[in-house]
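File shown here: coords.cif, holding mmCIF, C-alpha atoms.
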data_query
#
loop_
_atom_site.group_PDB
_atom_site.id
_atom_site.type_symbol
_atom_site.label_atom_id
_atom_site.label_comp_id
_atom_site.auth_asym_id
_atom_site.auth_seq_id
_atom_site.Cartn_x
_atom_site.Cartn_y
_atom_site.Cartn_z
ATOM 1 C CA MET A 1084 0.000 0.000 0.000
ATOM 2 C CA LYS A 1085 2.814 2.382 0.918
ATOM 3 C CA ARG A 1086 4.571 1.654 -2.402
ATOM 4 C CA SER A 1087 1.336 2.377 -4.352
ATOM 5 C CA PHE A 1088 0.928 5.733 -2.604
ATOM 6 C CA SER A 1089 4.550 6.678 -3.392
ATOM 7 C CA ALA A 1090 4.054 5.792 -7.068
ATOM 8 C CA LEU A 1091 0.829 7.812 -7.169
ATOM 9 C CA ALA A 1092 2.522 10.830 -5.550
ATOM 10 C CA LEU A 1093 5.446 10.625 -7.996
ATOM 11 C CA SER A 1094 3.042 10.399 -10.934
ATOM 12 C CA ALA A 1095 1.143 13.469 -9.720
ATOM 13 C CA LEU A 1096 4.361 15.464 -9.339
ATOM 14 C CA LEU A 1097 5.541 14.533 -12.828
ATOM 15 C CA THR A 1098 2.168 15.506 -14.299
ATOM 16 C CA LEU A 1099 2.220 18.862 -12.530
ATOM 17 C CA GLY A 1100 5.809 19.371 -13.675
ATOM 18 C CA GLY A 1101 4.724 18.818 -17.279
ATOM 19 C CA CYS A 1102 1.942 21.377 -16.898
ATOM 20 C CA ALA A 1103 4.372 23.863 -15.404
ATOM 21 C CA ALA A 1104 6.719 23.392 -18.364
ATOM 22 C CA ILE A 1105 3.945 24.391 -20.779
ATOM 23 C CA MET A 1106 2.597 27.182 -18.585
ATOM 24 C CA GLY A 1107 6.038 28.505 -17.750
ATOM 25 C CA PRO A 1108 6.979 30.543 -14.692
ATOM 26 C CA GLN A 1109 4.804 33.289 -13.298
ATOM 27 C CA PHE A 1110 6.198 36.512 -14.688
ATOM 28 C CA THR A 1111 4.961 39.594 -12.870
ATOM 29 C CA PRO A 1112 4.422 43.139 -14.123
ATOM 30 C CA GLY A 1113 7.334 45.446 -13.404
ATOM 31 C CA MET A 1114 10.070 42.848 -13.791
ATOM 32 C CA PRO A 1115 12.753 43.479 -16.439
ATOM 33 C CA VAL A 1116 11.948 41.880 -19.789
ATOM 34 C CA GLU A 1117 15.477 40.457 -19.811
ATOM 35 C CA GLN A 1118 14.320 37.914 -17.192
ATOM 36 C CA VAL A 1119 11.558 36.707 -19.530
ATOM 37 C CA ILE A 1120 13.994 36.480 -22.451
ATOM 38 C CA ALA A 1121 16.554 34.678 -20.282
ATOM 39 C CA TYR A 1122 13.939 32.011 -19.509
ATOM 40 C CA ASN A 1123 12.141 31.777 -22.909
ATOM 41 C CA GLY A 1124 14.994 32.626 -25.234
ATOM 42 C CA PRO A 1125 14.689 35.296 -27.911
ATOM 43 C CA PRO A 1126 11.098 35.969 -29.014
ATOM 44 C CA ALA A 1127 9.991 34.494 -32.346
ATOM 45 C CA ILE A 1128 8.288 37.743 -33.335
ATOM 46 C CA GLU A 1129 8.181 41.299 -32.034
ATOM 47 C CA TYR A 1130 5.353 43.754 -32.744
ATOM 48 C CA PRO A 1131 5.492 47.493 -32.051
ATOM 49 C CA ASP A 1132 2.294 48.758 -30.425
ATOM 50 C CA GLY A 1133 2.302 52.493 -29.738
ATOM 51 C CA ASN A 1134 4.948 53.217 -27.111
ATOM 52 C CA THR A 1135 4.983 49.544 -26.048
ATOM 53 C CA ARG A 1136 6.073 46.398 -27.829
ATOM 54 C CA LEU A 1137 4.772 42.845 -27.864
ATOM 55 C CA LEU A 1138 7.063 39.811 -27.816
ATOM 56 C CA GLU A 1139 5.677 36.433 -28.945
ATOM 57 C CA TRP A 1140 6.843 32.898 -28.107
ATOM 58 C CA PRO A 1141 4.983 29.997 -29.784
ATOM 59 C CA VAL A 1142 5.152 26.907 -27.531
ATOM 60 C CA GLY A 1143 4.223 23.245 -27.712
ATOM 61 C CA GLU A 1144 3.499 20.801 -30.445
ATOM 62 C CA TRP A 1145 2.200 22.673 -33.513
ATOM 63 C CA SER A 1146 2.312 25.932 -31.508
ATOM 64 C CA GLN A 1147 -0.937 25.231 -29.684
ATOM 65 C CA TYR A 1148 0.198 27.772 -27.105
ATOM 66 C CA ALA A 1149 1.669 31.208 -27.707
ATOM 67 C CA TYR A 1150 2.779 33.557 -24.959
ATOM 68 C CA MET A 1151 2.940 37.303 -25.409
ATOM 69 C CA ALA A 1152 4.750 39.785 -23.241
ATOM 70 C CA ARG A 1153 3.809 43.455 -23.402
ATOM 71 C CA VAL A 1154 6.840 45.587 -22.593
ATOM 72 C CA GLY A 1155 6.799 49.271 -21.689
ATOM 73 C CA PRO A 1156 9.226 51.898 -23.000
ATOM 74 C CA ASP A 1157 11.247 51.426 -19.785
ATOM 75 C CA GLY A 1158 11.918 47.750 -20.638
ATOM 76 C CA LYS A 1159 9.654 46.527 -17.831
ATOM 77 C CA LEU A 1160 7.005 43.843 -18.244
ATOM 78 C CA ILE A 1161 3.412 45.123 -18.378
ATOM 79 C CA SER A 1162 1.722 41.750 -18.974
ATOM 80 C CA TYR A 1163 2.487 38.144 -19.924
ATOM 81 C CA GLU A 1164 -0.194 35.683 -21.074
ATOM 82 C CA ASN A 1165 -1.081 32.721 -23.263
ATOM 83 C CA VAL A 1166 -2.956 34.248 -26.206
ATOM 84 C CA ARG A 1167 -4.154 30.960 -27.751
ATOM 85 C CA THR A 1168 -7.372 30.722 -25.748
ATOM 86 C CA ARG A 1169 -11.054 30.828 -26.642
ATOM 87 C CA GLU A 1170 -11.429 33.941 -24.493
ATOM 88 C CA LYS A 1171 -8.651 35.779 -26.309
ATOM 89 C CA PHE A 1172 -10.015 34.789 -29.744
ATOM 90 C CA GLY A 1173 -13.383 36.096 -28.506
ATOM 91 C CA THR A 1174 -11.976 39.622 -28.240
ATOM 92 C CA ILE A 1175 -11.427 39.817 -32.020
ATOM 93 C CA GLN A 1176 -14.109 42.107 -33.474
ATOM 94 C CA VAL A 1177 -15.582 41.060 -36.823
ATOM 95 C CA ASN A 1178 -15.879 43.922 -39.358
ATOM 96 C CA GLN A 1179 -13.577 46.087 -37.200
ATOM 97 C CA PHE A 1180 -10.229 44.350 -36.604
ATOM 98 C CA ASN A 1181 -7.553 44.309 -39.303
ATOM 99 C CA LYS A 1182 -4.553 41.990 -39.661
ATOM 100 C CA ASN A 1183 -2.364 44.097 -37.358
ATOM 101 C CA ASP A 1184 -5.057 44.053 -34.665
ATOM 102 C CA VAL A 1185 -5.240 40.254 -34.913
ATOM 103 C CA LEU A 1186 -1.439 39.909 -34.730
ATOM 104 C CA ARG A 1187 -1.366 42.049 -31.587
ATOM 105 C CA THR A 1188 -4.218 40.032 -30.048
ATOM 106 C CA VAL A 1189 -3.419 36.360 -30.778
ATOM 107 C CA GLY A 1190 -0.063 36.469 -32.540
ATOM 108 C CA HIS A 1191 1.168 34.951 -35.763
ATOM 109 C CA PRO A 1192 -1.032 32.229 -37.371
ATOM 110 C CA THR A 1193 -0.005 28.578 -37.519
ATOM 111 C CA GLU A 1194 -0.875 28.507 -41.223
ATOM 112 C CA THR A 1195 -2.525 30.641 -43.882
ATOM 113 C CA SER A 1196 -4.650 29.838 -46.924
ATOM 114 C CA TYR A 1197 -6.740 31.601 -49.550
ATOM 115 C CA LEU A 1198 -10.328 30.953 -50.643
ATOM 116 C CA PRO A 1199 -10.505 32.148 -54.263
ATOM 117 C CA LEU A 1200 -14.297 31.894 -54.631
ATOM 118 C CA LYS A 1201 -14.886 34.012 -51.523
ATOM 119 C CA LYS A 1202 -11.769 36.118 -52.159
ATOM 120 C CA GLN A 1203 -10.791 35.747 -48.523
ATOM 121 C CA GLU A 1204 -7.495 35.045 -46.816
ATOM 122 C CA VAL A 1205 -7.686 32.640 -43.876
ATOM 123 C CA TRP A 1206 -5.381 32.650 -40.870
ATOM 124 C CA SER A 1207 -5.579 29.410 -38.888
ATOM 125 C CA TYR A 1208 -4.440 28.921 -35.297
ATOM 126 C CA ARG A 1209 -3.987 25.600 -33.528
ATOM 127 C CA TYR A 1210 -4.839 25.713 -29.838
ATOM 128 C CA LYS A 1211 -6.046 23.618 -26.920
ATOM 129 C CA GLU A 1212 -9.625 24.674 -26.251
ATOM 130 C CA GLU A 1213 -10.229 24.708 -22.504
ATOM 131 C CA GLY A 1214 -6.701 23.267 -22.247
ATOM 132 C CA ILE A 1215 -8.026 19.882 -23.444
ATOM 133 C CA TRP A 1216 -9.385 19.685 -27.006
ATOM 134 C CA ASN A 1217 -7.130 19.924 -30.051
ATOM 135 C CA SER A 1218 -8.861 22.744 -31.892
ATOM 136 C CA MET A 1219 -8.308 25.144 -34.741
ATOM 137 C CA MET A 1220 -9.520 28.728 -35.017
ATOM 138 C CA HIS A 1221 -9.916 30.247 -38.493
ATOM 139 C CA ILE A 1222 -10.027 34.006 -39.048
ATOM 140 C CA TYR A 1223 -11.269 35.234 -42.445
ATOM 141 C CA PHE A 1224 -10.046 38.513 -43.978
ATOM 142 C CA ASP A 1225 -11.406 40.346 -47.006
ATOM 143 C CA SER A 1226 -9.160 41.840 -49.682
ATOM 144 C CA SER A 1227 -8.675 45.012 -47.618
ATOM 145 C CA GLY A 1228 -7.443 43.016 -44.604
ATOM 146 C CA ILE A 1229 -10.567 43.418 -42.431
ATOM 147 C CA VAL A 1230 -11.827 40.465 -40.351
ATOM 148 C CA ARG A 1231 -15.075 39.180 -41.908
ATOM 149 C CA GLY A 1232 -15.557 36.003 -39.908
ATOM 150 C CA ILE A 1233 -14.232 33.694 -37.208
ATOM 151 C CA GLU A 1234 -14.840 29.963 -36.968
ATOM 152 C CA ASN A 1235 -13.470 27.167 -34.834
ATOM 153 C CA GLY A 1236 -13.544 23.403 -35.011
ATOM 154 C CA GLN A 1237 -11.591 20.253 -34.381
ATOM 155 C CA ASP A 1238 -7.981 20.305 -35.530
ATOM 156 C CA PRO A 1239 -7.817 18.073 -38.627
ATOM 157 C CA LEU A 1240 -4.359 16.830 -37.602
ATOM 158 C CA TYR A 1241 -6.012 14.861 -34.837
ATOM 159 C CA LEU A 1242 -8.865 13.298 -36.817
ATOM 160 C CA ARG A 1243 -8.536 9.530 -36.962
ATOM 161 C CA ASP A 1244 -8.401 7.787 -40.334
ATOM 162 C CA ASN A 1245 -9.831 4.284 -39.994
ATOM 163 C CA GLY A 1246 -10.514 3.722 -43.675
ATOM 164 C CA LEU A 1247 -13.860 4.076 -45.423
ATOM 165 C CA PHE A 1248 -16.043 2.725 -42.627
ATOM 166 C CA GLY A 1249 -13.618 2.671 -39.704
ATOM 167 C CA SER A 1250 -12.950 -0.536 -37.873
ATOM 168 C CA PHE A 1251 -15.460 -2.703 -36.086
ATOM 169 C CA GLY A 1252 -15.323 -2.054 -32.390
ATOM 170 C CA GLY A 1253 -13.070 0.979 -32.877
ATOM 171 C CA ILE A 1254 -13.524 4.434 -31.473
ATOM 172 C CA GLY A 1255 -13.523 7.396 -33.804
ATOM 173 C CA SER A 1256 -14.666 10.949 -34.203
ATOM 174 C CA GLY A 1257 -15.532 13.188 -37.068
ATOM 175 C CA ILE A 1258 -17.475 16.097 -38.437
ATOM 176 C CA GLY A 1259 -19.561 15.945 -41.570
ATOM 177 C CA ILE A 1260 -21.619 18.314 -43.663
ATOM 178 C CA GLY A 1261 -23.925 16.992 -46.322
ATOM 179 C CA ILE A 1262 -26.392 18.336 -48.855
ATOM 180 C CA GLY A 1263 -28.603 16.045 -50.869
ATOM 181 C CA GLY A 1264 -30.964 16.759 -53.699
ATOM 182 C CA GLY A 1265 -34.017 14.734 -54.583
ATOM 183 C CA THR A 1266 -36.180 14.542 -57.658
ATOM 184 C CA ARG A 1267 -39.586 16.188 -58.069
ATOM 185 C CA GLY A 1268 -39.326 17.773 -54.635
ATOM 186 C CA VAL A 1269 -38.900 14.457 -52.807
ATOM 187 C CA GLY A 1270 -35.836 13.369 -50.875
ATOM 188 C CA GLY A 1271 -33.894 16.637 -50.722
ATOM 189 C CA GLY A 1272 -32.255 17.942 -47.585
ATOM 190 C CA ALA A 1273 -29.207 19.173 -45.812
ATOM 191 C CA GLY A 1274 -27.561 18.196 -42.591
ATOM 192 C CA ILE A 1275 -24.611 18.660 -40.343
ATOM 193 C CA GLY A 1276 -23.398 15.862 -38.114
ATOM 194 C CA ILE A 1277 -20.798 15.598 -35.412
ATOM 195 C CA GLY A 1278 -19.821 12.191 -34.128
ATOM 196 C CA PHE A 1279 -17.574 11.037 -31.334
#

Here is a file; write its structure as structure tokens.
Amino acid sequence: MKRSFSALALSALLTLGGCAAIMGPQFTPGMPVEQVIAYNGPPAIEYPDGNTRLLEWPVGEWSQYAYMARVGPDGKLISYENVRTREKFGTIQVNQFNKNDVLRTVGHPTETSYLPLKKQEVWSYRYKEEGIWNSMMHIYFDSSGIVRGIENGQDPLYLRDNGLFGSFGGIGSGIGIGIGGGTRGVGGGAGIGIGF
């Protein structure tokens, strides 16, 4: 019994240690930015923002986390936070924000694409929704660089491929959208399905 408790305690400590590695240390406002850089290394990207500047560090597999430090003109830390969260994406204002606003809010996208029929550029961000689900947030820009839409869903990197029909007894998940047309007004319809 004593050995089981010791193993359980060790497991809990290792798990918490892993979380701390992703979350990083607690940086506090007023500390010199050199301390943040000494811990994180040089920032991947730096954005000027008025008389302050933002430093960005993508972290984790596929950059599902990104930390931003806001630094004052005196070189002192104003704030430090993970910007790949549902709450932070929720601050992006459709029809008002431009690309620079998005960069200063959630950082550089994981990937970009273009939708020629809609004439929209898409910035996609991988993140852990609620710290658990592998998700992807898509931000759509018109030709003038204004945000026209935001949409999230499951990260396609983590969808399972079990062949055409999956495997018997297997566990899978997926998202599907379908539109069907009938003849003479019979049998038409549309549907969206999410399965786990």

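Of the residues under consideration (A:Asp1225, A:Tyr1122, A:Phe1180, A:Glu1212), A:Asp1225 shows the shortest atom-to-atom contact distance to Leu1200 in chain A when counting only C-alpha atoms.
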
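Using only C-alpha atoms, the protein and nucleic acid residues lying no more than 8 Å from range 1218-1221 of chain A, apart from those fewer than 5 places from it along its own chain, are Val1205, Trp1206, Ser1207, Tyr1208, Arg1209, Tyr1210, Lys1211, Glu1212, Ile1233, Glu1234, Asn1235, Gly1236, Gln1237 and Asp1238 of chain A.
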
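Among A:Leu1242, A:Leu1198, A:Val1116, A:Ile1222, the residue with the shortest atom-to-atom distance to Ala1152 in chain A, counting all atoms listed in the file, is A:Val1116.
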
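If you look at CA of Tyr1130 in chain A and CA of Gly1214 in chain A, they are 26.0 Å away from each other.
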
CA of Glu1204 in chain A and CA of Arg1187 in chain A, how far apart in Å?
17.8 Å

Two-atom distance - CA of Gly1228 in chain A, CA of Lys1182 in chain A (Å):
5.8 Å

Given the file shown, determine the residues that the PyMOL selection byres ((chain A and resi 1157) around 12) selects; report them as a list in words.
Gly1113, Met1114, Pro1115, Val1116, Glu1117, Asn1134, Thr1135, Arg1136, Arg1153, Val1154, Gly1155, Pro1156, Gly1158, Lys1159, Leu1160 and Ile1161 of chain A

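Take the PyMOL selection byres ((chain A and resi 1144) around 12) and apply it to this file: it picks Ile1105, Pro1141, Val1142, Gly1143, Trp1145, Ser1146, Gln1147, Tyr1148, Ala1149, Thr1193, Arg1209, Tyr1210, Lys1211, Asn1217 and Leu1240 of chain A.
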
Expected selection from the PyMOL selection byres ((chain A and resi 1231) around 6), given as a ChimeraX atom specification:
/A:1177-1178,1223-1224,1230,1232

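For the residues A:Gly1133, A:Pro1112, A:Gly1190, A:Gly1173, ranking by smallest atom-to-atom distance to Met1151 in chain A using only C-alpha atoms places A:Gly1190 first.
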
Enclose range 1130-1142 of chain A, meaning all of its atoms listed in the file, in a box aligned along x, y and z, pad it by 5 Å on each side, and list the centre and edge lengths in Å to one decimal, as AutoDock Vina command-line options.
--center_x 4.7 --center_y 40.1 --center_z -29.4 --size_x 14.8 --size_y 36.3 --size_z 16.7
